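What follows is a set of notes on a single structure, which appears directly below.
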Amino acid sequence: MRRILLLAPLLLLTAGCGLPQSSESEAADGAREAARKAGEQLDGRRPRTAEEVGWAASQIEGVEVMRVTGTSTQDGDGVDLVVRTSGSAYHRWVDLEEITVRRCFTLRVSPESRWREDPHAVDCPDGPALAFAPPPEPPRLPGGELRTALPRVPRDGRVDEAEVRRALAALDLEPGIRAEVEADGGRVGVVLLVEAAEGNRVDPQDCLLARVVPGTTEVWVPPRVQRMPGEDGCTVANALDPARPPH
């Protein structure tokens with residue numbers, strides 16, 4: 001009779017609250033949530049190669065990249081990843097020590113991916129996690145060098161377009177930087193533009209503008225809003241006749 005009385009509160013508690021989730025199941029949920037958060041960090045409309053996506057995923061704490069398929073986020077269905085994450089749980093009334101599990105999930109990175117899409121669990125591929133080289137740094141626009149190289153013309157002088165072009169040629173610009181020069185009404189405008197990845201309609205362009213007129217030589221970076229795709233901030237026309245900055 002005493003044993004029945006002692007078990008009665010436990011039975012009532014179990015009936016009232018339901019069976020607790022197992023530690024392994026809870027740890028697996030933690031691994032899935034880690035994969036979901038990784039997918040959120042990788043989400044974006046900026047075009048990236050599969051190598052760039054893999055490298056970005058490998059930089060997320062607690063994420064191992066086990067497989068990458070696809071060529072770029074803009075081609076076909078985008079880039080598919082298999083990532084391995086871990087989760088832990090501990091119930092002091094049940095477990096002798098903390099339970100940790102490692103699970104693999106698929107993530108898709110493309111402009112069509114749904115926000116907070118639930119990652120699908122898959123068997124982990126054999127072998128170690130993949131390693132990726134960091135993407136190359138974009139070429140540096142030589143603002144200071146351009147400012148020094150461009151000619152200074154007296155107020156009563158005349159701007160020589162050929163002299164401006166020679167100054168640009170002497171800079172020996174890095175590959176990936178395009179230079180444009182245009183003369184108009186005694187003025188010469190210059191734009192140095194980092195050529196964006198094909199199809200990139202999301203990030204602001206990286207450019208320098210310059211204008212040489214009698215009495216003034218200017219070099220500047222247009223405001224970010226003017227450098228967004230579809231705007232005309234990074235053009236020779238904007239160098240010759242600068243648009244008013246946004247308020």
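Identifiers in the structure tokens: chain A, B, ... in order shown; residue index from 1 per chain; ligand index from 1 in order shown.
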Selection: 8 Å around Ala149 (chain A), only C-alpha atoms, excl. self and same-chain fewer than 6 positions, as number ranges by chain: A: 167-168, 171
Produce a file of the selected residues containing N, CA and C atoms, as a compact mmCIF listing (two decimals), in the first residue's frame.
# COMPACT_ATOMS: atom_id res chain seq x y z
N ALA A 167 47.83 60.54 -67.38
CA ALA A 167 47.91 60.39 -65.92
C ALA A 167 47.25 59.08 -65.47
N LEU A 168 46.13 58.75 -66.09
CA LEU A 168 45.47 57.49 -65.75
C LEU A 168 46.31 56.29 -66.17
N LEU A 171 48.95 55.22 -63.79
CA LEU A 171 48.55 54.58 -62.53
C LEU A 171 48.65 53.06 -62.61
All alpha helix (DSSP H) residues (DSSP, backbone) inside region 129-191 of chain A, as a PyMOL selection string: chain A and resi 143-149+161-170
Spatial neighbours of Asp241 (chain A), 10 Å, only C-alpha atoms, chain gap at least 5 places, as a list in words: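 Once the adjacent positions are removed, what remains is Arg187, Gly189, Arg211 and Val236 of chain A.
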Nearest candidate to Arg114 (chain A) (options A:Asp29, A:Glu51, A:Glu64, A:Glu40; using only C-alpha atoms):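 Among A:Asp29, A:Glu51, A:Glu64, A:Glu40, it is A:Glu40 that comes nearest to Arg114 (chain A).
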Selection near Gly87 (chain A), 6 Å with only C-alpha atoms, sequence-local residues under 6 positions removed, as a ChimeraX atom specification: /A:27-28,30-31,100-101
Ala38 (chain A) environment, 8 Å, only C-alpha atoms, sequence neighbours closer than 2 positions dropped, as a PDB file with N, CA and C atoms, in the first residue's frame:
ATOM      1  N   ALA A  34      20.362  25.107 -35.276  1.00  0.00           N
ATOM      2  CA  ALA A  34      21.652  25.678 -35.687  1.00  0.00           C
ATOM      3  C   ALA A  34      21.757  25.711 -37.209  1.00  0.00           C
ATOM      4  N   ALA A  35      21.271  24.675 -37.882  1.00  0.00           N
ATOM      5  CA  ALA A  35      21.290  24.663 -39.344  1.00  0.00           C
ATOM      6  C   ALA A  35      20.345  25.713 -39.910  1.00  0.00           C
ATOM      7  N   ARG A  36      19.195  25.896 -39.281  1.00  0.00           N
ATOM      8  CA  ARG A  36      18.241  26.907 -39.749  1.00  0.00           C
ATOM      9  C   ARG A  36      18.844  28.309 -39.645  1.00  0.00           C
ATOM     10  N   GLU A  40      19.716  31.247 -42.528  1.00  0.00           N
ATOM     11  CA  GLU A  40      19.348  32.663 -42.467  1.00  0.00           C
ATOM     12  C   GLU A  40      20.556  33.547 -42.761  1.00  0.00           C
ATOM     13  N   GLN A  41      21.714  33.180 -42.230  1.00  0.00           N
ATOM     14  CA  GLN A  41      22.915  33.984 -42.460  1.00  0.00           C
ATOM     15  C   GLN A  41      23.372  33.922 -43.917  1.00  0.00           C
ATOM     16  N   LEU A  42      23.113  32.812 -44.568  1.00  0.00           N
ATOM     17  CA  LEU A  42      23.535  32.662 -45.961  1.00  0.00           C
ATOM     18  C   LEU A  42      22.535  33.262 -46.936  1.00  0.00           C
ATOM     19  N   ALA A  57      29.597  29.608 -45.503  1.00  0.00           N
ATOM     20  CA  ALA A  57      28.996  28.676 -44.557  1.00  0.00           C
ATOM     21  C   ALA A  57      30.039  28.127 -43.589  1.00  0.00           C
ATOM     22  N   ILE A  60      30.719  30.119 -40.381  1.00  0.00           N
ATOM     23  CA  ILE A  60      29.699  30.216 -39.333  1.00  0.00           C
ATOM     24  C   ILE A  60      30.069  29.270 -38.195  1.00  0.00           C
ATOM     25  N   VAL A  63      29.331  25.190 -37.698  1.00  0.00           N
ATOM     26  CA  VAL A  63      28.849  24.626 -38.962  1.00  0.00           C
ATOM     27  C   VAL A  63      30.016  24.025 -39.726  1.00  0.00           C
TER      28      VAL A  63
END
CA of Pro151 (chain A) to CA of Cys234 (chain A), straight-line distance in Å: 21.4 Å
Expected answer as a PyMOL selection string: strand (DSSP E or B) residues in region 8-207 of chain A: chain A and resi 49+64-69+72+79-89+99-109+120-122+177-184+187-194+207
Store the residues picked out above in a file with N, CA and C atoms, as a CSV table (one decimal), in the first residue's frame.
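Dumped everything to selection26.csv:
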chain,number,residue,atom,x,y,z
A,49,THR,N,29.2,32.5,-56.2
A,49,THR,CA,29.6,31.2,-56.7
A,49,THR,C,29.4,30.1,-55.6
A,64,GLU,N,29.8,22.8,-40.2
A,64,GLU,CA,30.8,22.1,-41.0
A,64,GLU,C,30.1,21.9,-42.4
A,65,VAL,N,30.8,22.2,-43.5
A,65,VAL,CA,30.3,22.0,-44.8
A,65,VAL,C,30.8,20.6,-45.3
A,66,MET,N,29.8,19.7,-45.6
A,66,MET,CA,30.1,18.4,-46.0
A,66,MET,C,30.0,18.1,-47.5
A,67,ARG,N,29.2,19.0,-48.2
A,67,ARG,CA,29.0,18.8,-49.6
A,67,ARG,C,28.4,20.1,-50.2
A,68,VAL,N,28.8,20.4,-51.4
A,68,VAL,CA,28.3,21.5,-52.1
A,68,VAL,C,28.0,21.1,-53.5
A,69,THR,N,26.8,21.4,-54.0
A,69,THR,CA,26.4,21.1,-55.4
A,69,THR,C,25.9,22.4,-56.0
A,72,SER,N,26.4,28.4,-59.1
A,72,SER,CA,26.2,29.7,-58.5
A,72,SER,C,24.8,29.8,-58.0
A,79,VAL,N,22.5,27.0,-55.2
A,79,VAL,CA,23.6,26.2,-54.6
A,79,VAL,C,23.0,25.4,-53.4
A,80,ASP,N,23.2,24.1,-53.4
A,80,ASP,CA,22.7,23.2,-52.3
A,80,ASP,C,23.9,22.8,-51.4
A,81,LEU,N,23.7,22.9,-50.1
A,81,LEU,CA,24.8,22.5,-49.2
A,81,LEU,C,24.3,21.4,-48.3
A,82,VAL,N,25.2,20.5,-47.9
A,82,VAL,CA,24.9,19.6,-46.8
A,82,VAL,C,25.9,20.1,-45.7
A,83,VAL,N,25.3,20.5,-44.6
A,83,VAL,CA,26.0,21.0,-43.4
A,83,VAL,C,25.8,20.1,-42.2
A,84,ARG,N,26.9,20.0,-41.4
A,84,ARG,CA,26.8,19.2,-40.2
A,84,ARG,C,26.8,20.2,-39.0
A,85,THR,N,25.9,20.0,-38.1
A,85,THR,CA,25.8,20.9,-36.9
A,85,THR,C,25.6,19.9,-35.7
A,86,SER,N,25.7,20.5,-34.5
A,86,SER,CA,25.5,19.7,-33.3
A,86,SER,C,24.5,20.4,-32.4
A,87,GLY,N,24.0,19.6,-31.5
A,87,GLY,CA,23.1,20.1,-30.5
A,87,GLY,C,23.3,19.3,-29.2
A,88,SER,N,22.9,19.9,-28.1
A,88,SER,CA,23.1,19.3,-26.8
A,88,SER,C,21.9,19.4,-25.9
A,89,ALA,N,21.7,18.5,-25.0
A,89,ALA,CA,20.6,18.5,-24.0
A,89,ALA,C,21.0,17.7,-22.8
A,99,ILE,N,24.0,15.1,-23.2
A,99,ILE,CA,23.9,14.4,-24.5
A,99,ILE,C,24.2,15.3,-25.7
A,100,THR,N,25.1,15.0,-26.5
A,100,THR,CA,25.5,15.8,-27.7
A,100,THR,C,25.3,14.9,-28.9
A,101,VAL,N,24.6,15.5,-29.9
A,101,VAL,CA,24.5,14.7,-31.2
A,101,VAL,C,25.0,15.6,-32.3
A,102,ARG,N,25.4,15.0,-33.4
A,102,ARG,CA,25.8,15.7,-34.6
A,102,ARG,C,24.9,15.2,-35.8
A,103,ARG,N,24.3,16.2,-36.5
A,103,ARG,CA,23.4,15.8,-37.5
A,103,ARG,C,23.7,16.6,-38.8
A,104,CYS,N,23.3,16.1,-39.9
A,104,CYS,CA,23.5,16.8,-41.2
A,104,CYS,C,22.1,17.2,-41.8
A,105,PHE,N,22.1,18.3,-42.4
A,105,PHE,CA,20.9,18.9,-43.0
A,105,PHE,C,21.3,19.6,-44.4
A,106,THR,N,20.3,19.7,-45.2
A,106,THR,CA,20.5,20.3,-46.5
A,106,THR,C,20.0,21.8,-46.4
A,107,LEU,N,20.7,22.7,-47.1
A,107,LEU,CA,20.4,24.1,-47.2
A,107,LEU,C,20.4,24.5,-48.7
A,108,ARG,N,19.5,25.3,-49.1
A,108,ARG,CA,19.6,25.8,-50.5
A,108,ARG,C,19.7,27.3,-50.4
A,109,VAL,N,20.7,27.8,-51.2
A,109,VAL,CA,20.9,29.2,-51.3
A,109,VAL,C,20.6,29.7,-52.7
A,120,HIS,N,16.2,20.1,-44.1
A,120,HIS,CA,15.9,18.7,-44.2
A,120,HIS,C,17.0,17.9,-43.7
A,121,ALA,N,16.7,16.9,-42.8
A,121,ALA,CA,17.8,16.0,-42.2
A,121,ALA,C,18.2,15.0,-43.3
A,122,VAL,N,19.5,14.8,-43.4
A,122,VAL,CA,20.0,13.8,-44.3
A,122,VAL,C,21.1,13.0,-43.7
A,177,ILE,N,39.4,46.9,-62.8
A,177,ILE,CA,39.1,48.3,-62.7
A,177,ILE,C,39.0,48.9,-64.1
A,178,ARG,N,37.8,49.5,-64.4
A,178,ARG,CA,37.6,50.1,-65.7
A,178,ARG,C,37.6,51.6,-65.6
A,179,ALA,N,38.3,52.2,-66.5
A,179,ALA,CA,38.5,53.7,-66.5
A,179,ALA,C,37.7,54.3,-67.7
A,180,GLU,N,37.0,55.4,-67.5
A,180,GLU,CA,36.4,56.1,-68.6
A,180,GLU,C,36.7,57.6,-68.4
A,181,VAL,N,36.9,58.2,-69.6
A,181,VAL,CA,37.3,59.6,-69.6
A,181,VAL,C,36.4,60.3,-70.7
A,182,GLU,N,35.9,61.5,-70.3
A,182,GLU,CA,35.1,62.2,-71.3
A,182,GLU,C,35.4,63.7,-71.1
A,183,ALA,N,35.5,64.4,-72.2
A,183,ALA,CA,35.7,65.9,-72.2
A,183,ALA,C,34.4,66.5,-72.7
A,184,ASP,N,34.1,67.7,-72.0
A,184,ASP,CA,32.9,68.4,-72.4
A,184,ASP,C,33.0,69.8,-72.0
A,187,ARG,N,35.9,70.9,-69.8
A,187,ARG,CA,36.1,70.1,-68.6
A,187,ARG,C,36.4,68.6,-69.0
A,188,VAL,N,37.0,67.9,-68.1
A,188,VAL,CA,37.2,66.5,-68.3
A,188,VAL,C,36.8,65.7,-67.1
A,189,GLY,N,35.9,64.7,-67.3
A,189,GLY,CA,35.4,63.9,-66.3
A,189,GLY,C,36.0,62.5,-66.3
A,190,VAL,N,36.2,61.9,-65.2
A,190,VAL,CA,36.8,60.6,-65.1
A,190,VAL,C,36.0,59.7,-64.1
A,191,VAL,N,35.9,58.4,-64.5
A,191,VAL,CA,35.3,57.4,-63.5
A,191,VAL,C,36.2,56.2,-63.5
A,192,LEU,N,36.5,55.7,-62.3
A,192,LEU,CA,37.2,54.4,-62.1
A,192,LEU,C,36.1,53.5,-61.5
A,193,LEU,N,35.8,52.4,-62.1
A,193,LEU,CA,34.8,51.5,-61.7
A,193,LEU,C,35.2,50.1,-61.5
A,194,VAL,N,35.0,49.5,-60.3
A,194,VAL,CA,35.3,48.1,-60.1
A,194,VAL,C,34.2,47.3,-60.8
A,207,CYS,N,33.1,52.8,-57.0
A,207,CYS,CA,33.7,53.7,-58.0
A,207,CYS,C,34.3,54.9,-57.4
Contact residues around Asp156 (chain A) with only C-alpha atoms at 12 Å, ignoring same-chain residues under 5 positions, as a PyMOL selection string: chain A and resi 186+213-216
Taking all heavy atoms for each residue, export the selection above as a short mmCIF file (atom, residue, chain, number, x, y, z; two decimals), in the first residue's frame.
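Listed below is the output, again_31.cif:
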data_model
loop_
_atom_site.label_atom_id
_atom_site.label_comp_id
_atom_site.auth_asym_id
_atom_site.auth_seq_id
_atom_site.Cartn_x
_atom_site.Cartn_y
_atom_site.Cartn_z
N GLY A 186 35.33 72.20 -72.10
CA GLY A 186 36.50 72.63 -71.35
C GLY A 186 36.70 71.90 -70.04
O GLY A 186 37.59 72.25 -69.26
N VAL A 213 38.78 70.78 -64.06
CA VAL A 213 38.32 72.02 -64.70
C VAL A 213 39.35 73.09 -64.39
O VAL A 213 40.13 72.97 -63.42
CB VAL A 213 36.92 72.44 -64.20
CG1 VAL A 213 35.89 71.35 -64.49
CG2 VAL A 213 36.96 72.74 -62.71
N PRO A 214 39.40 74.15 -65.17
CA PRO A 214 40.34 75.22 -64.85
C PRO A 214 40.12 75.74 -63.43
O PRO A 214 39.02 76.14 -63.05
CB PRO A 214 40.01 76.29 -65.90
CG PRO A 214 39.48 75.52 -67.06
CD PRO A 214 38.70 74.40 -66.45
N GLY A 215 41.15 75.66 -62.62
CA GLY A 215 41.09 76.14 -61.24
C GLY A 215 40.76 75.08 -60.22
O GLY A 215 40.94 75.30 -59.01
N THR A 216 40.25 73.91 -60.62
CA THR A 216 39.83 72.88 -59.66
C THR A 216 40.06 71.48 -60.21
O THR A 216 39.72 71.20 -61.35
CB THR A 216 38.34 73.02 -59.30
OG1 THR A 216 38.09 74.33 -58.81
CG2 THR A 216 37.94 72.01 -58.25
#
Pick from A:Gly44, A:Gly176, A:Gly54, A:Gly39, whichever lies nearest to Ala133 (chain A) using only C-alpha atoms: A:Gly54
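Taking only C-alpha atoms into account, Leu146 (chain A) lies nearest to A:Glu218 out of the set A:Glu218, A:Glu195, A:Asp126, A:Glu117.
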